Every structure is written in C-alpha cells, then in structure tokens.
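Student: Structure file work30.txt (compact mmCIF, C-alpha atoms and all ligand atoms) right here:
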# COMPACT_ATOMS: atom_id res chain seq x y z
CA MET A 22 -8.73 13.55 5.85
CA THR A 23 -11.15 10.61 6.25
CA GLU A 24 -9.57 7.30 7.10
CA VAL A 25 -10.83 4.13 5.51
CA LEU A 26 -8.54 1.71 7.33
CA GLN A 27 -7.12 1.88 10.84
CA ILE A 28 -4.86 -0.75 12.35
CA LYS A 29 -3.81 -0.43 15.98
CA ASN A 30 -1.20 -2.54 17.76
CA LEU A 31 -1.75 -5.58 15.55
CA THR A 32 0.06 -8.68 16.75
CA TYR A 33 -0.25 -12.03 15.01
CA LYS A 34 1.33 -15.44 15.54
CA LEU A 35 1.17 -18.55 13.36
CA ASN A 36 2.02 -21.86 15.02
CA LEU A 37 3.52 -19.90 17.94
CA VAL A 38 5.83 -18.02 15.53
CA SER A 39 5.50 -14.24 15.64
CA ILE A 40 4.63 -12.92 12.14
CA LEU A 41 3.48 -9.35 12.91
CA ASP A 42 4.22 -7.50 16.12
CA ASP A 43 2.58 -4.28 17.33
CA LEU A 44 1.81 -3.01 13.83
CA THR A 45 -0.01 0.30 13.59
CA CYS A 46 -1.03 2.33 10.51
CA THR A 47 -3.80 4.45 9.05
CA ILE A 48 -4.86 4.59 5.40
CA PRO A 49 -6.74 7.67 4.12
CA ALA A 50 -9.77 7.25 1.87
CA GLY A 51 -9.39 7.85 -1.86
CA SER A 52 -5.68 7.06 -2.11
CA ILE A 53 -3.48 4.47 -3.79
CA VAL A 54 -1.07 3.16 -1.18
CA GLY A 55 1.90 0.86 -1.69
CA LEU A 56 2.39 -1.79 0.98
CA LEU A 57 6.10 -2.41 0.61
CA GLY A 58 8.39 -4.93 2.23
CA ALA A 59 10.92 -7.64 1.45
CA ASN A 60 9.98 -11.27 0.80
CA GLY A 61 8.47 -12.70 3.98
CA ALA A 62 7.95 -9.29 5.62
CA GLY A 63 4.27 -10.11 6.19
CA LYS A 64 2.45 -8.21 3.42
CA THR A 65 0.18 -11.09 2.38
CA THR A 66 -0.47 -11.99 6.01
CA LEU A 67 -1.46 -8.39 6.74
CA MET A 68 -3.89 -8.33 3.79
CA ARG A 69 -5.39 -11.66 4.87
CA LEU A 70 -5.94 -10.22 8.35
CA ILE A 71 -7.43 -6.94 7.08
CA SER A 72 -9.82 -8.81 4.78
CA GLY A 73 -10.88 -11.24 7.51
CA VAL A 74 -9.54 -14.33 5.68
CA ALA A 75 -7.06 -14.86 8.54
CA LYS A 76 -8.21 -14.51 12.11
CA GLY A 77 -6.89 -14.80 15.64
CA PHE A 78 -4.90 -11.58 16.03
CA HIS A 79 -4.49 -9.17 18.92
CA GLY A 80 -5.09 -5.45 18.45
CA GLU A 81 -7.67 -3.70 16.30
CA ILE A 82 -8.47 -3.56 12.60
CA SER A 83 -11.29 -1.26 11.50
CA VAL A 84 -12.63 -0.39 8.06
CA ASN A 85 -14.77 2.73 8.11
CA GLN A 86 -14.98 2.31 11.89
CA GLN A 87 -16.27 -1.25 11.56
CA THR A 88 -14.26 -3.90 13.39
CA SER A 89 -16.32 -7.08 12.98
CA VAL A 90 -15.18 -9.53 10.29
CA VAL A 91 -18.63 -9.57 8.66
CA ASN A 92 -18.78 -5.79 8.36
CA ARG A 93 -15.18 -5.56 7.15
CA LYS A 94 -15.67 -8.24 4.49
CA GLN A 95 -18.56 -6.29 2.98
CA GLN A 96 -16.32 -3.29 2.42
CA ILE A 97 -13.23 -5.00 1.04
CA SER A 98 -12.38 -6.58 -2.29
CA PHE A 99 -9.30 -8.76 -1.79
CA SER A 100 -7.41 -10.21 -4.76
CA HIS A 101 -7.85 -13.90 -3.99
CA GLN A 102 -5.35 -15.99 -5.85
CA LEU A 103 -8.17 -18.24 -7.18
CA ASP A 104 -6.62 -21.24 -5.43
CA GLY A 105 -10.07 -22.51 -4.47
CA SER A 106 -11.42 -22.28 -8.04
CA ASP A 107 -11.78 -25.28 -10.33
CA ARG A 108 -8.72 -25.13 -12.58
CA ARG A 109 -10.75 -26.57 -15.47
CA ALA A 110 -13.43 -23.88 -15.18
CA ARG A 111 -13.68 -21.32 -17.97
CA LEU A 112 -13.19 -17.71 -16.94
CA ALA A 113 -16.82 -16.89 -17.83
CA GLN A 114 -17.97 -19.50 -15.28
CA ILE A 115 -15.81 -17.99 -12.56
CA VAL A 116 -17.18 -14.53 -13.39
CA HIS A 117 -20.71 -15.93 -13.13
CA ASP A 118 -19.84 -17.41 -9.70
CA TYR A 119 -18.61 -13.96 -8.62
CA THR A 120 -21.91 -12.34 -9.59
CA LEU A 121 -23.70 -14.83 -7.33
CA LEU A 122 -21.18 -14.56 -4.50
CA TYR A 123 -20.85 -10.80 -4.34
CA PRO A 124 -23.96 -8.61 -4.62
CA ASP A 125 -21.65 -5.61 -5.20
CA PHE A 126 -19.97 -7.22 -8.24
CA SER A 127 -20.55 -5.09 -11.35
CA ALA A 128 -20.75 -7.32 -14.42
CA THR A 129 -20.63 -4.21 -16.62
CA GLN A 130 -17.46 -2.91 -15.03
CA PHE A 131 -15.91 -6.38 -15.19
CA GLN A 132 -16.64 -6.60 -18.92
CA GLN A 133 -15.04 -3.20 -19.53
CA LEU A 134 -11.95 -4.25 -17.59
CA ALA A 135 -11.81 -7.62 -19.35
CA ASP A 136 -12.05 -5.93 -22.77
CA PHE A 137 -9.37 -3.41 -21.83
CA LEU A 138 -7.06 -6.16 -20.53
CA GLU A 139 -7.86 -8.32 -23.58
CA LEU A 140 -8.97 -11.33 -21.57
CA ASP A 141 -10.51 -14.28 -23.40
CA LEU A 142 -13.32 -15.46 -21.12
CA HIS A 143 -13.68 -18.73 -23.03
CA GLN A 144 -10.27 -19.87 -21.82
CA ARG A 145 -9.91 -22.31 -18.96
CA LEU A 146 -8.23 -21.08 -15.77
CA SER A 147 -5.54 -23.78 -16.04
CA LYS A 148 -4.56 -22.53 -19.52
CA LEU A 149 -3.85 -18.93 -18.47
CA SER A 150 -0.32 -17.56 -18.48
CA LYS A 151 0.83 -15.97 -15.23
CA GLY A 152 0.33 -12.47 -16.65
CA ASN A 153 -3.19 -13.19 -17.89
CA ARG A 154 -4.05 -14.86 -14.60
CA ASN A 155 -2.94 -11.71 -12.76
CA LYS A 156 -4.96 -9.54 -15.17
CA PHE A 157 -8.02 -11.72 -14.55
CA ILE A 158 -7.57 -11.45 -10.78
CA VAL A 159 -7.22 -7.64 -11.02
CA ALA A 160 -10.39 -7.40 -13.17
CA LEU A 161 -12.39 -9.56 -10.74
CA THR A 162 -11.12 -7.57 -7.76
CA LEU A 163 -11.75 -4.11 -9.22
CA ALA A 164 -15.22 -5.01 -10.54
CA ARG A 165 -16.61 -5.12 -7.02
CA GLN A 166 -18.00 -1.79 -5.78
CA VAL A 167 -16.47 -1.35 -2.33
CA PRO A 168 -14.53 1.36 -0.45
CA LEU A 169 -11.32 -0.66 -0.06
CA TYR A 170 -9.41 -2.85 -2.54
CA LEU A 171 -6.48 -5.05 -1.54
CA LEU A 172 -4.25 -6.09 -4.45
CA ASP A 173 -1.63 -8.63 -3.37
CA GLU A 174 1.39 -8.44 -5.67
CA PRO A 175 -0.56 -7.97 -8.91
CA PHE A 176 2.70 -7.48 -10.85
CA ASP A 177 4.44 -10.62 -9.66
CA GLY A 178 6.35 -12.22 -12.53
CA ILE A 179 4.68 -10.38 -15.38
CA ASP A 180 6.13 -8.52 -18.34
CA VAL A 181 6.37 -4.74 -18.73
CA MET A 182 3.45 -4.43 -21.15
CA SER A 183 1.09 -6.41 -18.91
CA ARG A 184 2.22 -4.33 -15.94
CA LYS A 185 1.45 -1.12 -17.83
CA LYS A 186 -1.99 -2.45 -18.77
CA ILE A 187 -2.78 -3.35 -15.16
CA ILE A 188 -1.60 0.04 -13.90
CA ALA A 189 -3.70 1.78 -16.57
CA SER A 190 -6.76 -0.25 -15.58
CA ILE A 191 -6.30 0.65 -11.91
CA LEU A 192 -6.11 4.36 -12.79
CA LYS A 193 -9.02 4.20 -15.25
CA TRP A 194 -11.48 2.31 -13.04
CA LYS A 195 -10.65 3.61 -9.58
CA SER A 196 -13.42 5.86 -8.32
CA GLU A 197 -12.42 9.06 -6.52
CA THR A 198 -13.43 7.78 -3.09
CA ALA A 199 -12.06 4.24 -3.47
CA THR A 200 -8.84 3.28 -1.74
CA ILE A 201 -6.39 0.75 -3.13
CA LEU A 202 -3.68 -0.95 -1.10
CA ILE A 203 -1.14 -2.66 -3.37
CA SER A 204 1.57 -4.92 -2.02
CA ASP A 205 4.86 -5.33 -3.84
CA HIS A 206 8.53 -5.89 -3.17
CA HIS A 207 9.73 -4.11 -6.32
CA VAL A 208 8.80 -0.52 -5.60
CA ASN A 209 9.95 0.73 -9.01
CA ASP A 210 7.10 -1.27 -10.60
CA ILE A 211 4.50 0.98 -9.03
CA ALA A 212 6.24 4.13 -7.75
CA ASN A 213 4.47 6.48 -10.17
CA LEU A 214 1.09 5.10 -9.23
CA LEU A 215 1.35 5.70 -5.51
CA ASP A 216 -0.03 8.52 -3.34
CA ALA A 217 1.63 7.07 -0.24
CA VAL A 218 3.67 4.14 1.02
CA VAL A 219 3.51 1.91 4.09
CA ILE A 220 6.74 0.02 4.70
CA VAL A 221 6.76 -3.22 6.68
CA LYS A 222 9.99 -4.46 8.21
CA ASP A 223 10.84 -6.43 11.35
CA LYS A 224 7.16 -7.39 11.79
CA HIS A 225 5.77 -3.87 12.00
CA VAL A 226 5.33 -0.62 10.04
CA VAL A 227 8.64 1.24 10.05
CA ALA A 228 7.46 4.15 7.89
CA GLN A 229 4.29 5.59 6.46
CA GLU A 230 4.67 8.60 4.22
CA GLN A 231 2.99 10.53 1.41
CA ALA A 232 4.79 10.12 -1.95
CA ASP A 233 4.98 13.91 -2.37
CA THR A 234 6.59 14.31 1.07
CA ILE A 235 9.26 11.74 0.20
CA ARG A 236 10.09 13.56 -3.03
CA GLU A 237 9.82 17.16 -1.73
CA LYS A 238 10.86 17.00 1.94
CA TYR A 239 13.42 14.21 1.75
CA GLY A 240 14.44 14.91 -1.86
CA GLU A 241 14.42 11.20 -2.60
CA SER A 242 12.66 8.94 -5.03
CA ILE A 243 10.31 6.40 -3.44
CA GLU A 244 12.74 3.67 -4.55
CA ASP A 245 15.67 5.28 -2.70
CA TYR A 246 13.59 6.02 0.39
CA TYR A 247 12.46 2.40 0.55
CA GLU A 248 15.93 1.04 -0.11
CA ASN A 249 17.52 3.29 2.55
CA LEU A 250 15.03 2.14 5.15
CA TYR A 251 15.80 -1.46 4.37
CA THR A 252 19.55 -1.21 4.11
CA GLY A 253 19.94 1.29 6.95
CA GLY A 254 21.29 3.96 4.58
CA GLU A 255 21.18 7.59 5.67
CA ASN A 256 17.90 9.39 5.26
CA ASP A 257 18.60 13.13 5.32
CA ASP A 258 15.74 14.81 7.11
N1 LIG B 1 1.36 -21.20 7.20
C1 LIG B 1 2.43 -20.61 7.74
N2 LIG B 1 3.03 -21.14 8.84
C2 LIG B 1 4.12 -20.54 9.38
N3 LIG B 1 4.67 -19.42 8.90
C3 LIG B 1 4.10 -18.85 7.82
C4 LIG B 1 2.97 -19.41 7.18
N4 LIG B 1 2.63 -18.61 6.12
C5 LIG B 1 3.53 -17.61 6.12
N5 LIG B 1 4.41 -17.75 7.13
C6 LIG B 1 5.53 -16.86 7.45
O1 LIG B 1 5.00 -15.57 7.69
C7 LIG B 1 5.92 -14.57 7.26
C8 LIG B 1 5.19 -13.57 6.40
O2 LIG B 1 4.78 -14.19 5.19
P1 LIG B 1 4.00 -13.39 4.06
O3 LIG B 1 3.66 -14.36 2.98
O4 LIG B 1 2.89 -12.66 4.70
O5 LIG B 1 5.10 -12.36 3.57
P2 LIG B 1 5.12 -11.42 2.28
O6 LIG B 1 5.64 -10.11 2.74
O7 LIG B 1 3.78 -11.43 1.62
O8 LIG B 1 6.19 -12.14 1.38
P3 LIG B 1 6.37 -12.20 -0.24
O9 LIG B 1 6.77 -10.82 -0.69
O10 LIG B 1 7.48 -13.18 -0.41
O11 LIG B 1 5.08 -12.67 -0.82
C9 LIG B 1 7.06 -15.31 6.55
O12 LIG B 1 8.15 -15.38 7.43
C10 LIG B 1 6.49 -16.67 6.29
O13 LIG B 1 7.52 -17.63 6.33
Mind turning the file's structure into structure tokens?

Tutor:
Amino acid sequence: MTEVLQIKNLTYKLNLVSILDDLTCTIPAGSIVGLLGANGAGKTTLMRLISGVAKGFHGEISVNQQTSVVNRKQQISFSHQLDGSDRRARLAQIVHDYTLLYPDFSATQFQQLADFLELDLHQRLSKLSKGNRNKFIVALTLARQVPLYLLDEPFDGIDVMSRKKIIASILKWKSETATILISDHHVNDIANLLDAVVIVKDKHVVAQEQADTIREKYGESIEDYYENLYTGGENDD
C-alpha cells in the first residue's frame, strides 16, 4: 500500500516543555484516518507540524517522500481556524482570497460544497454560528486539490445535523486517492467514517490500526478500543 505520510521519531518541545516525544506513524494513501486523543494529547500540534505551520522539531516528517516544508505545504490542505482572517469580511471575499493564495483551489468544487452545506456567502465571518463556521472551514479545506487533507476537530461543538452534513460532504467530495486525517476526541462522532485510527497518548502514538481489524480481530467497536487504550482496560487479543 502506498504511504502518503510518514512520521519517524518526532519529538517537539514548546518553551522547553515536551509536547510530543518519539512519535512514529505511517498513513496510507486513499484512506480516512481518525487522529484520536484526549484534550491536550497533542493532535493540533501534530497537524501544525505535519502542515509546516509549526517548526523546530526533531525527527522526520515526509509527505509523498518530500520532507522540506515548501514541498509538504504544496501537498497538504490544513483546516486553518481562520484566526488570521478579517472578522468583518464576507465569506465570498475570503473565498476569493483563497483562489489567489492557493493555485490548487477549485472554485467549482467549493461552490458545490457550499451549496450542499447551505452556506450563505454574503454573510460576514463574525456573524457565523460555530456550526456554520466549521462547515465553511471544511468547504475551504476540501476545495483544494491535494493528496493530503488535515481536518482539525471539524465537529467541535456542532449539532447532529451539521455533523451529518459535514460527514456526507467528506464522503461525497473525497477523491479515491486523497487521504484525510481527522482529529477528534469524541470517537463516536466519526467512527463509521474511518478506515483506520491513530491514537495519541503520553506524547506519542500508542496504537495505529485498521477499523476492520479492530472490529474483526479484536471484536470491539472503535469507541471501545479507544476507551480501553485510554483507561487501561483489557484488550483481548
Ligand atoms: N503555546 C503553547 N505553549 C505551551 N504549551 C502549549 C502551547 N500550545 C499548546 N500547548 C500544550 O501542548 C499540548 C498539546 O496541545 P494540543 O492543542 O496540540 O492538544 P490537542 O490534542 O489538540 O487538544 P484538544 O483536543 O483539547 O484540542 C497541551 O498540553 C497544551 O497545553
């Protein structure tokens, strides 16, 4: 199986505090992978490092065998939280900025996603509800045409219907070869969507497993598998 992302012995400190320590994992191309871990486990930090937004780590991160930040950035669409955007800007303006910023941004695909998610592009960013803001971020992220998408907690604080819409849009617009890494701390939100999980605990990856293997070999749901790893419950092999 081709690998799109390889991380070897990643160690990262912030202000002398160890955040990630000797983290290793491999993500196959074409899959939807859940990056799971409790609050503060380091999921956002890991995505920031993979995407090249955060720097200064030890170890190796490669995307399609490319390790330089410039080459990695060209292959990754990371769900920025729009913190740097003008809060008074209308969504249409932000979309226009994206078309200028990212040559791989597909305006056509964005429009399809926006229609599907029922986004009003005349609204100002500051006026969006949390759910609509997340939908907008997902649409912007998925409209780029790249091999690897990083969605950082796209379901954080949103209602069931919005969650279903976002999941449906991921399934509908994901190309066969694209890979999506989705971080979350509520695994039951996304369990049915996932081909595999990567679980981060104690600053490194404690498990990486295919969803089918968890269900068939371990006879567990992804939720139980994740919970057992975190609580130290027995995992019958
Ligand atoms: N600027 C910073 N300075 C020092 N420590 C930080 C900083 N930003 C994050 N951390 C710490 O890094 C660790 C990992 O944080 P991170 O946000 O990556 O976790 P997370 O798994 O995404 O959490 P959550 O699920 O709550 O979003 C936490 O212990 C956090 O306190």

Student: Which chains and residue numbers are within 12 Å of ligand LIG 1 (chain B), counting all atoms listed in the file, if I want them as a compact mmCIF listing (two decimals) with C-alpha atoms, in the frame of the given file?

Tutor:
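Output below, filename selection_2.txt:
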# COMPACT_ATOMS: atom_id res chain seq x y z
CA TYR A 33 -0.25 -12.03 15.01
CA LYS A 34 1.33 -15.44 15.54
CA LEU A 35 1.17 -18.55 13.36
CA ASN A 36 2.02 -21.86 15.02
CA LEU A 37 3.52 -19.90 17.94
CA VAL A 38 5.83 -18.02 15.53
CA SER A 39 5.50 -14.24 15.64
CA ILE A 40 4.63 -12.92 12.14
CA LEU A 41 3.48 -9.35 12.91
CA ASP A 42 4.22 -7.50 16.12
CA LEU A 56 2.39 -1.79 0.98
CA LEU A 57 6.10 -2.41 0.61
CA GLY A 58 8.39 -4.93 2.23
CA ALA A 59 10.92 -7.64 1.45
CA ASN A 60 9.98 -11.27 0.80
CA GLY A 61 8.47 -12.70 3.98
CA ALA A 62 7.95 -9.29 5.62
CA GLY A 63 4.27 -10.11 6.19
CA LYS A 64 2.45 -8.21 3.42
CA THR A 65 0.18 -11.09 2.38
CA THR A 66 -0.47 -11.99 6.01
CA LEU A 67 -1.46 -8.39 6.74
CA MET A 68 -3.89 -8.33 3.79
CA ARG A 69 -5.39 -11.66 4.87
CA LEU A 70 -5.94 -10.22 8.35
CA ALA A 75 -7.06 -14.86 8.54
CA LEU A 172 -4.25 -6.09 -4.45
CA ASP A 173 -1.63 -8.63 -3.37
CA GLU A 174 1.39 -8.44 -5.67
CA PRO A 175 -0.56 -7.97 -8.91
CA PHE A 176 2.70 -7.48 -10.85
CA ASP A 177 4.44 -10.62 -9.66
CA GLY A 178 6.35 -12.22 -12.53
CA ILE A 203 -1.14 -2.66 -3.37
CA SER A 204 1.57 -4.92 -2.02
CA ASP A 205 4.86 -5.33 -3.84
CA HIS A 206 8.53 -5.89 -3.17
CA HIS A 207 9.73 -4.11 -6.32
CA VAL A 208 8.80 -0.52 -5.60
CA ILE A 220 6.74 0.02 4.70
CA VAL A 221 6.76 -3.22 6.68
CA LYS A 222 9.99 -4.46 8.21
CA ASP A 223 10.84 -6.43 11.35
CA LYS A 224 7.16 -7.39 11.79
CA HIS A 225 5.77 -3.87 12.00
CA VAL A 226 5.33 -0.62 10.04

Student: If you count only C-alpha atoms, which residues fall within 8 Å of A:Leu31, apart from same-chain ones fewer than 2 positions away, as a list in words?

Tutor: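 Within the cut-off, the hits are Ile28, Lys29, Tyr33, Leu41, Asp42, Asp43, Leu44, Thr45, Phe78, His79, Gly80, Glu81 and Ile82 of chain A.
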
Student: Between atom CA of A:Met182 and atom CA of A:Lys151, measure the distance and give it in Å to one decimal.

Tutor: 13.2 Å

Student: Could you work out how far atom CA of A:Phe137 lies from atom CA of A:Asp216, giving the answer in Å with one decimal?

Tutor: 23.9 Å

Student: Given the point (7.6, 6.6, 5.2) in the file's coordinates, find the residues that have an atom at most 12 Å from it, counting all atoms listed in the file, and give them as a ChimeraX atom specification.

Tutor: /A:46,54-58,216-222,226-236,238-239,241-251,256,258

Student: Give me the residues near A:Ile158 as number ranges by chain, where near means some atom within 7 Å (using all atoms listed in the file) and where sequence neighbours in that chain fewer than 4 positions away do not count.

Tutor: A: 100, 154, 162

Student: Which one of A:Asp125, A:Asp107, A:Glu237, A:Asp210 sits closest to A:Arg165 if you count only C-alpha atoms?

Tutor: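 Closest to A:Arg165, using only C-alpha atoms: A:Asp125.
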
Student: I'd like to know which of A:Lys76, A:Lys193, A:Lys94, A:Lys148 is closest to A:Tyr123, using all atoms listed in the file.

Tutor: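 Nearest candidate to A:Tyr123 out of A:Lys76, A:Lys193, A:Lys94, A:Lys148: A:Lys94.
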
Student: Quote the spacing between atom CA of A:Leu112 and atom CA of A:Asn92 in Å to one decimal place.

Tutor: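 Value for the atom CA of A:Leu112-atom CA of A:Asn92 distance: 28.5 Å.
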
Student: Taking all atoms listed in the file into account, which of A:His143, A:Arg93, A:Lys195, A:Arg111 comes nearest A:Val159?

Tutor: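 The shortest atom-to-atom distance to A:Val159 comes from A:Lys195.
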
Student: Let me make sure I understand: among A:Lys185, A:Val84, A:Trp194, A:Ser150, which one has the smallest atom-to-atom distance to A:Thr129 if we use only C-alpha atoms?

Tutor: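 For A:Thr129, the nearest of the given residues is A:Trp194.
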
Student: Counting all atoms listed in the file, figure out which residue out of A:Gln102, A:Ser89, A:Thr198, A:Asn155 gets nearest to A:Leu140.

Tutor: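 Selected residue with least distance to A:Leu140: A:Asn155.
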
Student: Kindly indicate which residue among A:Asn30, A:Gln114, A:Gln96, A:Ser83 lies nearest to A:Leu142, using only C-alpha atoms for the distances.

Tutor: A:Gln114
